[in-house]
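**Student:** Can you keep this structure in mind? I'll have questions shortly.
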Amino acid sequence: MIDMREPDPDRFSARQWPDWSFWTDARSGGPGLRLGRVRSVVVNGLMMGFLATWVIAIADGKHGPVRTGLVFGFLGCYAVAYLLVLWFGPLALRRQRIAMVAAMFALGVTPALILGSPAYLTALTYAIATGLMLLPLRFSLLLGSAAAVAQIAWMLARDGVVAWGQVLTLVAVTAILGIVYALTFTVGHLRLAREQIRRMAVDQERQRVARDLHDVLGHSLSTMTLKLGLTRRILETSDDTDAALAEIRDLDDLCREALSDVRATVSDYRTVSFATEVAGARMALRAAGVHAELPAAADAVAPELQGVFGYVVREAVTNVLRHSDAQRCVVRVGRDWLEVADDGTVPAEVVPGHGLTGLTERMAEVSGSLEHGRGPHGGFRVLARGPATGGAA
């Protein structure tokens, strides 16, 4: 079963072959597709009243019953073919589109050839309309121009006089249809572009929430796990209930802070402070028994980098606690750079996880960069550079 909602992008070229599936609501599929097709056929079927004038003119009996019957048969096939093209054409392949347009021109020319009158070539407006809908605009306009030139040449060869009113009718209808289809095509693409922008905005918001929740919960849960382990060891090895109660109070504060951060993240109100993250890193590293060398003051960092550097400290220290056997962690900062390094064992190949990927995205948002990997003195190192950093930290 063919999925009408997502046409194959290889079938069409956006600059050449028009994709009119939006015109018949083909992307919605199901009832939306059928409703769009019915609406297209009904609206354009009402526009076929122009053929009724030819039926009335041919039915006067001047052409004989045989020729009149043949012409009526071809005009009926012409009308039915036009409606079928409106139904199947927008989702057809290139070769099928070309065949449809060729069949429409053949059916439109045949009555004029049977009657021997170039006046009836004006009915080619419907064939030209299908060309404008299914073929590249330059090709369809070329077909319309060729029809007008053929009508003029036939008039000159047959009567020596050009009925400019009929020619102008063909040219005017072709020009009007070309403008209408071009505008409709442009409006449809703008609507699809707006839908794509809306989907991209939703995806970006989902990525933001996922990234922030990872940063918030990863650090908080890691610290809570360490403090729970420390509390259990205190209760199992000694009767120092005061120390255990102190750790439990810290756990209670961490739980409340994590809950508040999650709520603020979902509401997009959360702000990260570099000084707060350094203080949280000191407490977490102390609970894990890791010797920490942290900056004494946070004002050395540029104000516009305080938030993003806070995220870097949070994620880098969380990685030290969760994935490293380090005994020492050093955080050094400058105005537009930050380095977090440890002395742990580094695997031969470091595969960045969601945290480091999120940090890279955050640094890119402020025109900065992030490097991570084995440090020059061993261990793992994360180096963040702001937009003003030209050399190494």
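Residue numbers start at 1 in each chain; chains themselves are named A, B, ... in the order of the structure tokens; ligands are numbered from 1 in the order shown.
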At a cut-off of 12 Å, can you tabulate as a Markdown table every residue of stretch 203-237 of chain A near stretch 362-378 of chain A together with its closest atom pair and the distance in Å to one decimal, using only C-alpha atoms and ordering rows by chain then number?
**Tutor:**
```
| residue | atom | partner | partner_atom | distance |
| --- | --- | --- | --- | --- |
| A:Gln207 | CA | A:Arg362 | CA | 11.5 |
| A:Arg208 | CA | A:Arg362 | CA | 9.8 |
| A:Arg211 | CA | A:Arg362 | CA | 9.6 |
| A:Asp212 | CA | A:Arg362 | CA | 10.4 |
| A:Asp215 | CA | A:Arg362 | CA | 11.5 |
```
**Student:** Contacts of A:Phe74 at 10 Å or less, counting only C-alpha atoms, minus same-chain residues fewer than 6 places along, as a list in words?
**Tutor:** Thr68, Val80, Ala106, Leu107, Gly108, Val109, Thr110, Pro111 and Ile114 of chain A
**Student:** Write a file of the selected residues as a compact mmCIF listing (two decimals), in the first residue's frame, keeping C-alpha atoms.
**Tutor:**
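That gives us again.txt:
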```txt
# COMPACT_ATOMS: atom_id res chain seq x y z
CA THR A 68 -20.59 15.48 -34.94
CA VAL A 80 -13.38 12.88 -18.32
CA ALA A 106 -4.05 14.72 -28.18
CA LEU A 107 -7.69 14.64 -27.07
CA GLY A 108 -7.92 18.45 -27.25
CA VAL A 109 -6.52 18.70 -30.79
CA THR A 110 -8.55 15.84 -32.30
CA PRO A 111 -11.96 17.65 -32.44
CA ILE A 114 -12.01 16.37 -37.35
```
**Student:** Between atom CA of A:Val209 and atom CA of A:Ser260, what distance in Å does the model show, to one decimal?
**Tutor:**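 Atom CA of A:Val209 sits 14.5 Å away from atom CA of A:Ser260.
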**Student:** Pick the closest to A:Val331 from A:Val55, A:Ala279, A:Leu168, A:Leu190: which is it, counting only C-alpha atoms?
**Tutor:**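 Ranked by minimum distance to A:Val331, first place goes to A:Ala279.
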**Student:** Can you pull out the residues contacting stretch 296-306 of chain A? Cut-off 9 Å, using only C-alpha atoms, and skip same-chain residues under 4 positions away; I want them as a list in words.
**Tutor:**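 The neighbour list is Val272, Ser273, Phe274, Ala275, Val278, Gly310, Tyr311, Val333, Gly334, Arg335, Asp336, Trp337, Leu338, Val366 and Gly386 of chain A.
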**Student:** With DSSP run on the backbone, what are the strand (DSSP E) residues within stretch 168-386 of chain A? I'd like them as a list in words.
**Tutor:** His291, Ala292, Glu293, Arg328, Cys329, Val330, Val331, Arg332, Val333, Trp337, Leu338, Glu339, Val340, Ala341, Asp342, Ser369, Leu370, Glu371, His372, Gly373, Arg374, Phe380, Arg381, Val382, Leu383, Ala384 and Arg385 of chain A
**Student:** How far is it from atom CA of A:Ile128 to atom CA of A:Val101, in Å with one decimal?
**Tutor:**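 Spanning atom CA of A:Ile128 to atom CA of A:Val101 is a straight-line distance of 8.1 Å.
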